[in-house]
file upload17.pdb (PDB, C-alpha atoms)
ATOM      1  CA  MET A 208      30.811   9.059   6.366
ATOM      2  CA  VAL A 209      34.338   7.694   5.782
ATOM      3  CA  GLU A 210      34.892   4.355   7.446
ATOM      4  CA  ASN A 211      38.679   4.490   7.726
ATOM      5  CA  SER A 212      41.656   6.589   6.703
ATOM      6  CA  ARG A 213      45.311   5.678   7.096
ATOM      7  CA  GLN A 214      48.779   6.596   5.875
ATOM      8  CA  ASP A 215      51.473   4.082   5.042
ATOM      9  CA  ILE A 216      55.140   4.800   4.539
ATOM     10  CA  GLY A 217      56.665   2.435   2.056
ATOM     11  CA  THR A 218      59.981   2.319   0.253
ATOM     12  CA  GLY A 219      58.675   4.708  -2.347
ATOM     13  CA  GLY A 220      57.741   7.417   0.137
ATOM     14  CA  LEU A 221      54.477   8.555   1.695
ATOM     15  CA  ILE A 222      51.359   6.749   0.492
ATOM     16  CA  SER A 223      47.924   7.945   1.568
ATOM     17  CA  THR A 224      44.945   5.613   1.242
ATOM     18  CA  GLN A 225      41.293   6.059   2.151
ATOM     19  CA  GLU A 226      38.511   3.514   2.331
ATOM     20  CA  ALA A 227      35.405   4.112   0.250
ATOM     21  CA  PRO A 228      32.584   5.949   2.019
ATOM     22  CA  VAL A 229      29.999   3.722   3.618
ATOM     23  CA  ALA A 230      26.375   4.793   3.437
ATOM     24  CA  GLY A 231      24.462   5.119   6.690
ATOM     25  CA  SER A 232      21.483   2.968   7.510
ATOM     26  CA  GLY A 233      19.067   5.781   6.623
ATOM     27  CA  SER A 234      20.598   6.117   3.176
ATOM     28  CA  ARG A 235      20.457   2.352   2.631
ATOM     29  CA  LEU A 236      16.796   2.291   3.607
ATOM     30  CA  TRP A 237      15.933   5.162   1.259
ATOM     31  CA  THR A 238      17.738   3.404  -1.572
ATOM     32  CA  GLU A 239      15.790   0.222  -0.808
ATOM     33  CA  LEU A 240      12.451   2.036  -0.784
ATOM     34  CA  ALA A 241      12.783   4.579  -3.585
ATOM     35  CA  ARG A 242      15.822   3.803  -5.739
ATOM     36  CA  ASN A 243      15.954   0.027  -5.744
ATOM     37  CA  ASP A 244      17.323  -1.423  -8.996
ATOM     38  CA  VAL A 245      14.716  -4.190  -9.013
ATOM     39  CA  HIS A 246      11.614  -2.354  -7.763
ATOM     40  CA  GLY A 247      12.419   1.322  -8.299
ATOM     41  CA  PRO A 248       9.977   3.562  -6.369
ATOM     42  CA  LEU A 249       7.408   0.777  -5.951
ATOM     43  CA  PRO A 250       8.155   0.044  -2.260
ATOM     44  CA  ILE A 251       7.560   3.597  -1.119
ATOM     45  CA  LEU A 252       4.489   3.967  -3.350
ATOM     46  CA  LEU A 253       3.012   0.758  -1.964
ATOM     47  CA  LEU A 254       3.599   2.063   1.551
ATOM     48  CA  VAL A 255       1.510   5.098   0.587
ATOM     49  CA  LEU A 256      -1.206   2.721  -0.631
ATOM     50  CA  THR A 257      -0.969   0.897   2.702
ATOM     51  CA  THR A 258      -1.673   4.179   4.473
ATOM     52  CA  ALA A 259      -4.681   4.739   2.205
ATOM     53  CA  THR A 260      -5.922   1.247   3.102
ATOM     54  CA  GLY A 261      -5.799   2.135   6.790
ATOM     55  CA  LEU A 262      -7.877   5.241   6.086
ATOM     56  CA  VAL A 263     -10.467   3.340   4.051
ATOM     57  CA  ASP A 264     -10.822   0.545   6.597
ATOM     58  CA  ALA A 265     -11.221   3.116   9.371
ATOM     59  CA  VAL A 266     -14.209   4.480   7.450
ATOM     60  CA  SER A 267     -15.715   1.057   6.812
ATOM     61  CA  ILE A 268     -15.305  -0.175  10.384
ATOM     62  CA  LEU A 269     -16.373   2.969  12.201
ATOM     63  CA  ALA A 270     -18.988   4.412   9.843
ATOM     64  CA  LEU A 271     -20.384   1.614   7.670
ATOM     65  CA  GLY A 272     -21.517  -0.938  10.226
ATOM     66  CA  ARG A 273     -18.343  -2.780  11.229
ATOM     67  CA  VAL A 274     -17.375  -4.036   7.798
ATOM     68  CA  PHE A 275     -13.935  -4.534   6.253
ATOM     69  CA  VAL A 276     -13.550  -3.476   2.633
ATOM     70  CA  ALA A 277      -9.852  -4.341   2.267
ATOM     71  CA  ASN A 278      -9.300  -7.311   4.573
ATOM     72  CA  MET A 279     -11.591 -10.119   3.470
ATOM     73  CA  THR A 280     -10.432 -12.458   6.239
ATOM     74  CA  GLY A 281     -11.902 -10.096   8.789
ATOM     75  CA  ASN A 282     -14.935  -9.464   6.626
ATOM     76  CA  VAL A 283     -15.785 -13.171   6.344
ATOM     77  CA  VAL A 284     -15.550 -13.381  10.140
ATOM     78  CA  PHE A 285     -17.885 -10.385  10.407
ATOM     79  CA  VAL A 286     -20.369 -12.132   8.109
ATOM     80  CA  GLY A 287     -20.339 -15.030  10.565
ATOM     81  CA  PHE A 288     -20.935 -12.654  13.478
ATOM     82  CA  ALA A 289     -23.835 -11.009  11.643
ATOM     83  CA  LEU A 290     -25.395 -14.379  10.790
ATOM     84  CA  ALA A 291     -25.183 -15.311  14.481
ATOM     85  CA  GLY A 292     -27.072 -12.149  15.368
ATOM     86  CA  ALA A 293     -24.227 -10.379  17.127
ATOM     87  CA  PRO A 294     -25.217  -6.736  17.697
ATOM     88  CA  GLY A 295     -23.494  -3.981  15.716
ATOM     89  CA  PHE A 296     -22.622  -6.042  12.623
ATOM     90  CA  SER A 297     -24.352  -5.433   9.292
ATOM     91  CA  LEU A 298     -24.876  -8.554   7.205
ATOM     92  CA  VAL A 299     -25.958  -6.505   4.180
ATOM     93  CA  ALA A 300     -22.889  -4.255   4.283
ATOM     94  CA  SER A 301     -20.530  -7.184   4.878
ATOM     95  CA  LEU A 302     -21.962  -9.146   1.956
ATOM     96  CA  ALA A 303     -21.866  -6.031  -0.250
ATOM     97  CA  ALA A 304     -18.210  -5.548   0.609
ATOM     98  CA  LEU A 305     -17.400  -9.205  -0.047
ATOM     99  CA  ALA A 306     -19.171  -9.113  -3.402
ATOM    100  CA  GLY A 307     -17.575  -5.793  -4.308
ATOM    101  CA  PHE A 308     -14.100  -7.053  -3.492
ATOM    102  CA  LEU A 309     -14.605 -10.120  -5.688
ATOM    103  CA  VAL A 310     -15.907  -7.934  -8.518
ATOM    104  CA  GLY A 311     -12.874  -5.663  -8.226
ATOM    105  CA  ALA A 312     -10.436  -8.572  -8.213
ATOM    106  CA  PHE A 313     -12.274 -10.303 -11.069
ATOM    107  CA  ALA A 314     -12.375  -7.179 -13.228
ATOM    108  CA  GLY A 315      -8.815  -6.357 -12.247
ATOM    109  CA  GLY A 316      -7.542  -9.715 -13.520
ATOM    110  CA  PRO A 317      -7.708  -8.981 -17.257
ATOM    111  CA  LEU A 318      -6.759  -5.331 -16.728
ATOM    112  CA  VAL A 319      -3.672  -6.318 -14.774
ATOM    113  CA  GLU A 320      -2.810  -8.879 -17.426
ATOM    114  CA  ARG A 321      -3.110  -6.207 -20.103
ATOM    115  CA  TRP A 322      -0.676  -3.855 -18.328
ATOM    116  CA  SER A 323       1.581  -6.469 -16.742
ATOM    117  CA  GLY A 324       4.449  -5.808 -19.148
ATOM    118  CA  HIS A 325       5.094  -2.383 -17.597
ATOM    119  CA  ARG A 326       4.856  -2.180 -13.808
ATOM    120  CA  GLY A 327       4.870   1.613 -13.779
ATOM    121  CA  LYS A 328       1.874   1.831 -16.094
ATOM    122  CA  LEU A 329       0.167  -0.991 -14.225
ATOM    123  CA  LEU A 330       0.392   0.926 -10.953
ATOM    124  CA  ARG A 331      -0.576   4.188 -12.643
ATOM    125  CA  ASN A 332      -3.674   2.809 -14.340
ATOM    126  CA  ALA A 333      -4.874   0.653 -11.466
ATOM    127  CA  THR A 334      -4.456   3.474  -8.958
ATOM    128  CA  ALA A 335      -6.222   5.945 -11.248
ATOM    129  CA  ILE A 336      -9.240   3.628 -11.473
ATOM    130  CA  GLU A 337      -9.117   3.044  -7.744
ATOM    131  CA  PHE A 338      -9.065   6.808  -7.195
ATOM    132  CA  GLY A 339     -12.226   7.123  -9.280
ATOM    133  CA  LEU A 340     -13.976   4.394  -7.289
ATOM    134  CA  VAL A 341     -13.087   6.000  -3.956
ATOM    135  CA  VAL A 342     -14.375   9.345  -5.212
ATOM    136  CA  VAL A 343     -17.631   7.651  -6.282
ATOM    137  CA  GLY A 344     -17.840   6.065  -2.826
ATOM    138  CA  LEU A 345     -17.323   9.486  -1.264
ATOM    139  CA  ALA A 346     -20.034  10.994  -3.479
ATOM    140  CA  CYS A 347     -22.428   8.199  -2.533
ATOM    141  CA  ALA A 348     -21.726   8.783   1.152
ATOM    142  CA  VAL A 349     -22.631  12.453   0.724
ATOM    143  CA  LEU A 350     -25.678  11.897  -1.493
ATOM    144  CA  LEU A 351     -27.061   9.038   0.585
ATOM    145  CA  ALA A 352     -26.541  10.740   3.928
ATOM    146  CA  SER A 353     -30.335  10.931   4.423
ATOM    147  CA  THR A 354     -30.958   7.356   3.243
ATOM    148  CA  PRO A 355     -31.570   4.633   5.865
ATOM    149  CA  GLY A 356     -28.168   3.677   7.255
ATOM    150  CA  VAL A 357     -27.965   0.023   6.211
ATOM    151  CA  MET A 358     -28.575   0.560   2.498
ATOM    152  CA  ALA A 359     -26.360   3.636   2.274
ATOM    153  CA  ALA A 360     -23.557   1.820   4.087
ATOM    154  CA  ALA A 361     -23.862  -1.157   1.742
ATOM    155  CA  VAL A 362     -23.582   1.022  -1.373
ATOM    156  CA  VAL A 363     -20.535   2.902  -0.093
ATOM    157  CA  ALA A 364     -18.903  -0.309   1.160
ATOM    158  CA  ALA A 365     -19.439  -1.949  -2.225
ATOM    159  CA  PHE A 366     -17.645   0.807  -4.156
ATOM    160  CA  LEU A 367     -14.762   0.924  -1.685
ATOM    161  CA  ALA A 368     -14.441  -2.866  -1.769
ATOM    162  CA  VAL A 369     -14.299  -2.881  -5.591
ATOM    163  CA  ALA A 370     -11.404  -0.413  -5.328
ATOM    164  CA  MET A 371      -9.622  -2.615  -2.790
ATOM    165  CA  GLY A 372     -10.164  -5.731  -4.902
ATOM    166  CA  LEU A 373      -8.567  -4.010  -7.885
ATOM    167  CA  GLN A 374      -5.704  -2.789  -5.704
ATOM    168  CA  ASN A 375      -5.038  -6.308  -4.468
ATOM    169  CA  ALA A 376      -5.009  -7.695  -8.012
ATOM    170  CA  ALA A 377      -2.508  -5.044  -9.117
ATOM    171  CA  VAL A 378      -0.244  -5.311  -6.070
ATOM    172  CA  ARG A 379      -0.194  -9.084  -6.409
ATOM    173  CA  ARG A 380       1.200  -8.730  -9.932
ATOM    174  CA  LEU A 381       3.696  -6.029  -8.914
ATOM    175  CA  ALA A 382       5.176  -8.627  -6.540
ATOM    176  CA  VAL A 383       7.149  -6.432  -4.165
ATOM    177  CA  PRO A 384       8.102  -8.599  -1.147
ATOM    178  CA  ASP A 385       6.272  -7.930   2.144
ATOM    179  CA  LEU A 386       4.130  -5.124   0.716
ATOM    180  CA  THR A 387       0.625  -6.438   0.103
ATOM    181  CA  THR A 388      -0.893  -3.056   1.159
ATOM    182  CA  THR A 389      -3.955  -4.678   2.791
ATOM    183  CA  VAL A 390      -3.020  -7.528   5.165
ATOM    184  CA  LEU A 391      -0.215  -7.713   7.701
ATOM    185  CA  THR A 392      -0.384 -11.249   9.097
ATOM    186  CA  MET A 393       2.540 -12.613   7.091
ATOM    187  CA  THR A 394       4.418  -9.332   7.434
ATOM    188  CA  LEU A 395       4.262  -9.550  11.221
ATOM    189  CA  THR A 396       5.193 -13.221  11.030
ATOM    190  CA  GLY A 397       8.246 -12.317   8.973
ATOM    191  CA  ILE A 398       9.327  -9.652  11.454
ATOM    192  CA  ALA A 399       9.193 -12.123  14.335
ATOM    193  CA  ALA A 400      10.345 -15.308  12.605
ATOM    194  CA  ASP A 401      13.019 -13.929  10.275
ATOM    195  CA  GLY A 402      14.150 -10.860  12.205
ATOM    196  CA  ARG A 403      17.651 -12.166  12.904
ATOM    197  CA  LYS A 404      18.442 -13.200   9.358
ATOM    198  CA  GLY A 405      16.216 -10.925   7.304
ATOM    199  CA  GLY A 406      18.706  -8.074   7.085
ATOM    200  CA  TYR A 407      18.143  -4.419   7.980
ATOM    201  CA  PRO A 408      16.372  -3.285   4.774
ATOM    202  CA  THR A 409      13.977  -6.244   4.835
ATOM    203  CA  VAL A 410      13.031  -5.829   8.487
ATOM    204  CA  ALA A 411      12.713  -2.058   8.081
ATOM    205  CA  ARG A 412      10.414  -2.497   5.072
ATOM    206  CA  ARG A 413       8.183  -4.850   7.042
ATOM    207  CA  VAL A 414       8.081  -2.560  10.055
ATOM    208  CA  LEU A 415       7.213   0.391   7.833
ATOM    209  CA  ALA A 416       4.351  -1.604   6.309
ATOM    210  CA  VAL A 417       2.903  -2.087   9.796
ATOM    211  CA  LEU A 418       3.479   1.531  10.797
ATOM    212  CA  THR A 419       1.932   3.010   7.665
ATOM    213  CA  MET A 420      -1.194   0.900   8.127
ATOM    214  CA  LEU A 421      -1.321   2.004  11.763
ATOM    215  CA  VAL A 422      -0.920   5.658  10.836
ATOM    216  CA  GLY A 423      -3.625   5.393   8.181
ATOM    217  CA  ALA A 424      -6.036   3.754  10.621
ATOM    218  CA  LEU A 425      -5.237   6.282  13.353
ATOM    219  CA  VAL A 426      -5.678   9.312  11.124
ATOM    220  CA  GLY A 427      -8.780   7.807   9.533
ATOM    221  CA  ALA A 428     -10.340   7.101  12.934
ATOM    222  CA  LEU A 429      -9.637  10.624  14.155
ATOM    223  CA  LEU A 430     -11.194  12.108  11.021
ATOM    224  CA  VAL A 431     -14.275   9.863  11.140
ATOM    225  CA  LEU A 432     -14.875  10.405  14.852
ATOM    226  CA  HIS A 433     -14.230  14.136  15.012
ATOM    227  CA  VAL A 434     -14.796  15.544  11.515
ATOM    228  CA  GLY A 435     -16.641  13.109   9.256
ATOM    229  CA  LEU A 436     -16.079  10.103   7.029
ATOM    230  CA  GLY A 437     -15.886  12.324   3.949
ATOM    231  CA  TRP A 438     -12.626  13.814   5.155
ATOM    232  CA  ALA A 439     -11.083  10.388   5.659
ATOM    233  CA  LEU A 440     -12.134   9.215   2.197
ATOM    234  CA  GLY A 441     -10.950  12.507   0.732
ATOM    235  CA  PHE A 442      -7.534  12.021   2.315
ATOM    236  CA  ALA A 443      -7.369   8.474   0.940
ATOM    237  CA  ALA A 444      -8.249   9.815  -2.521
ATOM    238  CA  VAL A 445      -5.427  12.368  -2.283
ATOM    239  CA  LEU A 446      -2.923   9.625  -1.455
ATOM    240  CA  LEU A 447      -4.138   7.567  -4.410
ATOM    241  CA  ALA A 448      -3.783  10.585  -6.690
ATOM    242  CA  ILE A 449      -0.214  11.110  -5.484
ATOM    243  CA  VAL A 450       0.687   7.481  -6.228
ATOM    244  CA  ALA A 451      -0.881   7.709  -9.690
ATOM    245  CA  LEU A 452       0.974  10.958 -10.417
ATOM    246  CA  VAL A 453       4.369   9.636  -9.304
ATOM    247  CA  ALA A 454       3.838   6.408 -11.259
ATOM    248  CA  THR A 455       2.975   8.503 -14.321
ATOM    249  CA  LEU A 456       6.085  10.642 -13.999
ATOM    250  CA  ARG A 457       8.327   7.609 -13.453
ATOM    251  CA  SER A 458       6.854   5.853 -16.500
ATOM    252  CA  ARG A 459       7.760   8.531 -19.033
ATOM    253  CA  ARG A 460      11.108   6.969 -19.824
ATOM    254  CA  ALA A 461      12.282   3.377 -19.746
ATOM    255  CA  GLU A 462      13.656   2.149 -16.394
ATOM    256  CA  GLY A 463      14.751  -1.323 -15.366
ATOM    257  CA  TRP A 464      12.109  -1.777 -12.653
ATOM    258  CA  HIS A 465       9.299  -1.402 -15.207
ATOM    259  CA  VAL A 466       9.805  -5.040 -16.221
ATOM    260  CA  ARG A 467       9.500  -7.620 -13.489
ATOM    261  CA  GLY A 468      12.803  -9.354 -12.849
ATOM    262  CA  ALA A 469      14.739  -6.972 -15.088
ATOM    263  CA  GLY A 470      16.975  -5.860 -12.208
TER     264      GLY A 470
END
call {"tool": "encode", "arguments": {"input": "upload17.pdb", "output": "structure tokens"}}
result
Amino acid sequence: MVENSRQDIGTGGLISTQEAPVAGSGSRLWTELARNDVHGPLPILLLVLTTATGLVDAVSILALGRVFVANMTGNVVFVGFALAGAPGFSLVASLAALAGFLVGAFAGGPLVERWSGHRGKLLRNATAIEFGLVVVGLACAVLLASTPGVMAAAVVAAFLAVAMGLQNAAVRRLAVPDLTTTVLTMTLTGIAADGRKGGYPTVARRVLAVLTMLVGALVGALLVLHVGLGWALGFAAVLLAIVALVATLRSRRAEGWHVRGAG
């Protein structure tokens, strides 16, 4: 929209001046998420990954014995509950997820270092591997459906946790503020503590991080409870494939956001 328009009559006759158009808040937010000079499409792609995380954790919590595969803070707490003998918590699955996450992060370290010079290729490659791991986890869930629950859950949780560990390693190197894709504690803290001075795009990005995780968890829970865990993991795999595809397309030609700090 046009902010202001006025006409002035000076000694030289009629002079018409118009202020430059001012973008609406929706346009500013879209620019921040998808066309940012510093981060390019990374913010919106990481929000998609956050949704996938909600889906995966819905599967792990509701179908694999109350285990987190993305949030290791919660998973360590669950290990404590299981050691105390609290009903409904699987020590084997929790330990498998913890070990898998560490393996994913450890293996992701050198891979991330190898691709760190190009953030588009880093996201593309890491997400493609993560997609493969989620598909393997889905296949294991199908093939081990008749296996005793604890062992099957541990195997599936391990593969999903490796994927989440790799995702965390990659996202950490991408370094987009407020978008960790797996934990929201500091994001929520930022919304509350810095809301007045954070600026509209920053607060909106943080709120969207919370909402996308919520949507992923909600959709994942509905699928697990009413259809089956395979559908939730399949949906997560589709989201990962979309991120990998977009990252591939946006890496075909040189853009400023490919190099960290280039903007």
call {"tool": "residues_around", "arguments": {"input": "upload17.pdb", "residues": "Val426 of chain A", "least_positions_apart": "6", "cutoff": "12 Å", "atoms": "all atoms listed in the file", "output": "tab-separated table (two decimals) with C-alpha atoms, keeping the file's coordinate frame"}}
result
chain	number	residue	atom	x	y	z
A	258	THR	CA	-1.67	4.18	4.47
A	259	ALA	CA	-4.68	4.74	2.20
A	260	THR	CA	-5.92	1.25	3.10
A	261	GLY	CA	-5.80	2.13	6.79
A	262	LEU	CA	-7.88	5.24	6.09
A	263	VAL	CA	-10.47	3.34	4.05
A	264	ASP	CA	-10.82	0.55	6.60
A	265	ALA	CA	-11.22	3.12	9.37
A	266	VAL	CA	-14.21	4.48	7.45
A	419	THR	CA	1.93	3.01	7.66
A	420	MET	CA	-1.19	0.90	8.13
A	432	LEU	CA	-14.88	10.40	14.85
A	433	HIS	CA	-14.23	14.14	15.01
A	434	VAL	CA	-14.80	15.54	11.52
A	435	GLY	CA	-16.64	13.11	9.26
A	436	LEU	CA	-16.08	10.10	7.03
A	438	TRP	CA	-12.63	13.81	5.16
A	439	ALA	CA	-11.08	10.39	5.66
A	440	LEU	CA	-12.13	9.22	2.20
A	442	PHE	CA	-7.53	12.02	2.32
A	443	ALA	CA	-7.37	8.47	0.94
call {"tool": "resolve_selection", "arguments": {"input": "upload17.pdb", "expression": "the PyMOL selection byres ((chain A and resi 304-309) around 12)", "output": "JSON, numbers by chain"}}
result
{"A": [264, 267, 268, 271, 272, 273, 274, 275, 276, 277, 278, 279, 280, 281, 282, 283, 284, 285, 286, 297, 298, 299, 300, 301, 302, 303, 310, 311, 312, 313, 314, 315, 316, 340, 344, 360, 361, 362, 363, 364, 365, 366, 367, 368, 369, 370, 371, 372, 373, 374, 375, 376]}
call {"tool": "residues_near_point", "arguments": {"input": "upload17.pdb", "point": "(7.7, -6.0, 8.8)", "cutoff": "12 Å", "atoms": "only C-alpha atoms", "output": "MDAnalysis selection string"}}
result
chainID A and resid 254 384:388 390:402 405:420
call {"tool": "atom_distance", "arguments": {"input": "upload17.pdb", "atom1": "atom CA of Leu318 of chain A", "atom2": "atom CA of Val245 of chain A"}}
result
22.8 Å
call {"tool": "resolve_selection", "arguments": {"input": "upload17.pdb", "expression": "the PyMOL selection byres ((chain A and resi 330) around 12)", "output": "JSON, numbers by chain"}}
result
{"A": [248, 249, 250, 252, 253, 256, 315, 318, 319, 322, 323, 324, 325, 326, 327, 328, 329, 331, 332, 333, 334, 335, 336, 337, 338, 373, 374, 375, 376, 377, 378, 379, 380, 381, 382, 447, 448, 449, 450, 451, 452, 453, 454, 455, 456, 457, 458, 465]}
call {"tool": "atom_distance", "arguments": {"input": "upload17.pdb", "atom1": "atom CA of Leu421 of chain A", "atom2": "atom CA of Asp244 of chain A"}}
result
28.1 Å
call {"tool": "atom_distance", "arguments": {"input": "upload17.pdb", "atom1": "atom CA of Glu320 of chain A", "atom2": "atom CA of Leu345 of chain A"}}
result
28.4 Å
call {"tool": "closest_residue", "arguments": {"input": "upload17.pdb", "among": "A:Gly247, A:Val255, A:Ala270, A:Leu290", "to": "Ala428 of chain A", "atoms": "only C-alpha atoms"}}
result
A:Ala270
call {"tool": "axis_aligned_box", "arguments": {"input": "upload17.pdb", "around": "segment 311-329 of chain A", "padding_each_side": "3 Å", "output": "lines of an AutoDock Vina configuration file"}}
result
center_x = -3.9
center_y = -4.2
center_z = -14.2
size_x = 24.0
size_y = 18.1
size_z = 17.9
call {"tool": "closest_residue", "arguments": {"input": "upload17.pdb", "among": "A:Gly441, A:Pro294, A:Gly356, A:Gly423", "to": "Gly339 of chain A", "atoms": "all atoms listed in the file"}}
result
A:Gly441
call {"tool": "closest_residue", "arguments": {"input": "upload17.pdb", "among": "A:Val341, A:Ala424, A:Val431, A:Ala346", "to": "Ala444 of chain A", "atoms": "all atoms listed in the file"}}
result
A:Val341
call {"tool": "build_atoms", "arguments": {"input": "upload17.pdb", "residues": "segment 312-337 of chain A", "atoms": "N, CA and C atoms", "output": "PDB file, in the coordinates of the input"}}
result
ATOM      1  N   ALA A 312     -11.527  -7.654  -7.897  1.00  0.00           N
ATOM      2  CA  ALA A 312     -10.436  -8.572  -8.213  1.00  0.00           C
ATOM      3  C   ALA A 312     -10.672  -9.258  -9.555  1.00  0.00           C
ATOM      4  N   PHE A 313     -11.947  -9.627  -9.816  1.00  0.00           N
ATOM      5  CA  PHE A 313     -12.274 -10.303 -11.069  1.00  0.00           C
ATOM      6  C   PHE A 313     -12.059  -9.376 -12.264  1.00  0.00           C
ATOM      7  N   ALA A 314     -12.563  -8.151 -12.149  1.00  0.00           N
ATOM      8  CA  ALA A 314     -12.375  -7.179 -13.228  1.00  0.00           C
ATOM      9  C   ALA A 314     -10.913  -6.777 -13.353  1.00  0.00           C
ATOM     10  N   GLY A 315     -10.215  -6.744 -12.213  1.00  0.00           N
ATOM     11  CA  GLY A 315      -8.815  -6.357 -12.247  1.00  0.00           C
ATOM     12  C   GLY A 315      -7.929  -7.384 -12.919  1.00  0.00           C
ATOM     13  N   GLY A 316      -8.362  -8.664 -12.914  1.00  0.00           N
ATOM     14  CA  GLY A 316      -7.542  -9.715 -13.520  1.00  0.00           C
ATOM     15  C   GLY A 316      -7.132  -9.424 -14.949  1.00  0.00           C
ATOM     16  N   PRO A 317      -8.089  -9.264 -15.880  1.00  0.00           N
ATOM     17  CA  PRO A 317      -7.708  -8.981 -17.257  1.00  0.00           C
ATOM     18  C   PRO A 317      -7.029  -7.635 -17.444  1.00  0.00           C
ATOM     19  N   LEU A 318      -7.408  -6.637 -16.626  1.00  0.00           N
ATOM     20  CA  LEU A 318      -6.759  -5.331 -16.728  1.00  0.00           C
ATOM     21  C   LEU A 318      -5.296  -5.427 -16.318  1.00  0.00           C
ATOM     22  N   VAL A 319      -5.051  -6.122 -15.228  1.00  0.00           N
ATOM     23  CA  VAL A 319      -3.672  -6.318 -14.774  1.00  0.00           C
ATOM     24  C   VAL A 319      -2.868  -7.087 -15.811  1.00  0.00           C
ATOM     25  N   GLU A 320      -3.489  -8.097 -16.392  1.00  0.00           N
ATOM     26  CA  GLU A 320      -2.810  -8.879 -17.426  1.00  0.00           C
ATOM     27  C   GLU A 320      -2.441  -8.008 -18.622  1.00  0.00           C
ATOM     28  N   ARG A 321      -3.335  -7.098 -18.955  1.00  0.00           N
ATOM     29  CA  ARG A 321      -3.110  -6.207 -20.103  1.00  0.00           C
ATOM     30  C   ARG A 321      -1.918  -5.287 -19.869  1.00  0.00           C
ATOM     31  N   TRP A 322      -1.736  -4.815 -18.635  1.00  0.00           N
ATOM     32  CA  TRP A 322      -0.676  -3.855 -18.328  1.00  0.00           C
ATOM     33  C   TRP A 322       0.526  -4.492 -17.656  1.00  0.00           C
ATOM     34  N   SER A 323       0.552  -5.799 -17.542  1.00  0.00           N
ATOM     35  CA  SER A 323       1.581  -6.469 -16.742  1.00  0.00           C
ATOM     36  C   SER A 323       2.988  -6.308 -17.302  1.00  0.00           C
ATOM     37  N   GLY A 324       3.122  -5.958 -18.564  1.00  0.00           N
ATOM     38  CA  GLY A 324       4.449  -5.808 -19.148  1.00  0.00           C
ATOM     39  C   GLY A 324       5.180  -4.553 -18.701  1.00  0.00           C
ATOM     40  N   HIS A 325       4.484  -3.640 -18.040  1.00  0.00           N
ATOM     41  CA  HIS A 325       5.094  -2.383 -17.597  1.00  0.00           C
ATOM     42  C   HIS A 325       4.549  -2.070 -16.202  1.00  0.00           C
ATOM     43  N   ARG A 326       5.352  -2.314 -15.176  1.00  0.00           N
ATOM     44  CA  ARG A 326       4.856  -2.180 -13.808  1.00  0.00           C
ATOM     45  C   ARG A 326       4.511  -0.736 -13.445  1.00  0.00           C
ATOM     46  N   GLY A 327       5.198   0.216 -14.040  1.00  0.00           N
ATOM     47  CA  GLY A 327       4.870   1.613 -13.779  1.00  0.00           C
ATOM     48  C   GLY A 327       3.490   1.971 -14.296  1.00  0.00           C
ATOM     49  N   LYS A 328       3.195   1.558 -15.521  1.00  0.00           N
ATOM     50  CA  LYS A 328       1.874   1.831 -16.094  1.00  0.00           C
ATOM     51  C   LYS A 328       0.789   1.018 -15.399  1.00  0.00           C
ATOM     52  N   LEU A 329       1.131  -0.176 -14.968  1.00  0.00           N
ATOM     53  CA  LEU A 329       0.167  -0.991 -14.225  1.00  0.00           C
ATOM     54  C   LEU A 329      -0.247  -0.274 -12.947  1.00  0.00           C
ATOM     55  N   LEU A 330       0.716   0.218 -12.185  1.00  0.00           N
ATOM     56  CA  LEU A 330       0.392   0.926 -10.953  1.00  0.00           C
ATOM     57  C   LEU A 330      -0.351   2.218 -11.259  1.00  0.00           C
ATOM     58  N   ARG A 331       0.083   2.932 -12.268  1.00  0.00           N
ATOM     59  CA  ARG A 331      -0.576   4.188 -12.643  1.00  0.00           C
ATOM     60  C   ARG A 331      -2.036   3.969 -12.989  1.00  0.00           C
ATOM     61  N   ASN A 332      -2.309   3.022 -13.868  1.00  0.00           N
ATOM     62  CA  ASN A 332      -3.674   2.809 -14.340  1.00  0.00           C
ATOM     63  C   ASN A 332      -4.579   2.237 -13.255  1.00  0.00           C
ATOM     64  N   ALA A 333      -4.063   1.262 -12.515  1.00  0.00           N
ATOM     65  CA  ALA A 333      -4.874   0.653 -11.466  1.00  0.00           C
ATOM     66  C   ALA A 333      -5.205   1.671 -10.379  1.00  0.00           C
ATOM     67  N   THR A 334      -4.221   2.483 -10.012  1.00  0.00           N
ATOM     68  CA  THR A 334      -4.456   3.474  -8.958  1.00  0.00           C
ATOM     69  C   THR A 334      -5.398   4.570  -9.426  1.00  0.00           C
ATOM     70  N   ALA A 335      -5.311   4.931 -10.712  1.00  0.00           N
ATOM     71  CA  ALA A 335      -6.222   5.945 -11.248  1.00  0.00           C
ATOM     72  C   ALA A 335      -7.670   5.454 -11.198  1.00  0.00           C
ATOM     73  N   ILE A 336      -7.884   4.194 -11.554  1.00  0.00           N
ATOM     74  CA  ILE A 336      -9.240   3.628 -11.473  1.00  0.00           C
ATOM     75  C   ILE A 336      -9.691   3.552 -10.024  1.00  0.00           C
ATOM     76  N   GLU A 337      -8.792   3.135  -9.163  1.00  0.00           N
ATOM     77  CA  GLU A 337      -9.117   3.044  -7.744  1.00  0.00           C
ATOM     78  C   GLU A 337      -9.480   4.420  -7.188  1.00  0.00           C
TER      79      GLU A 337
END
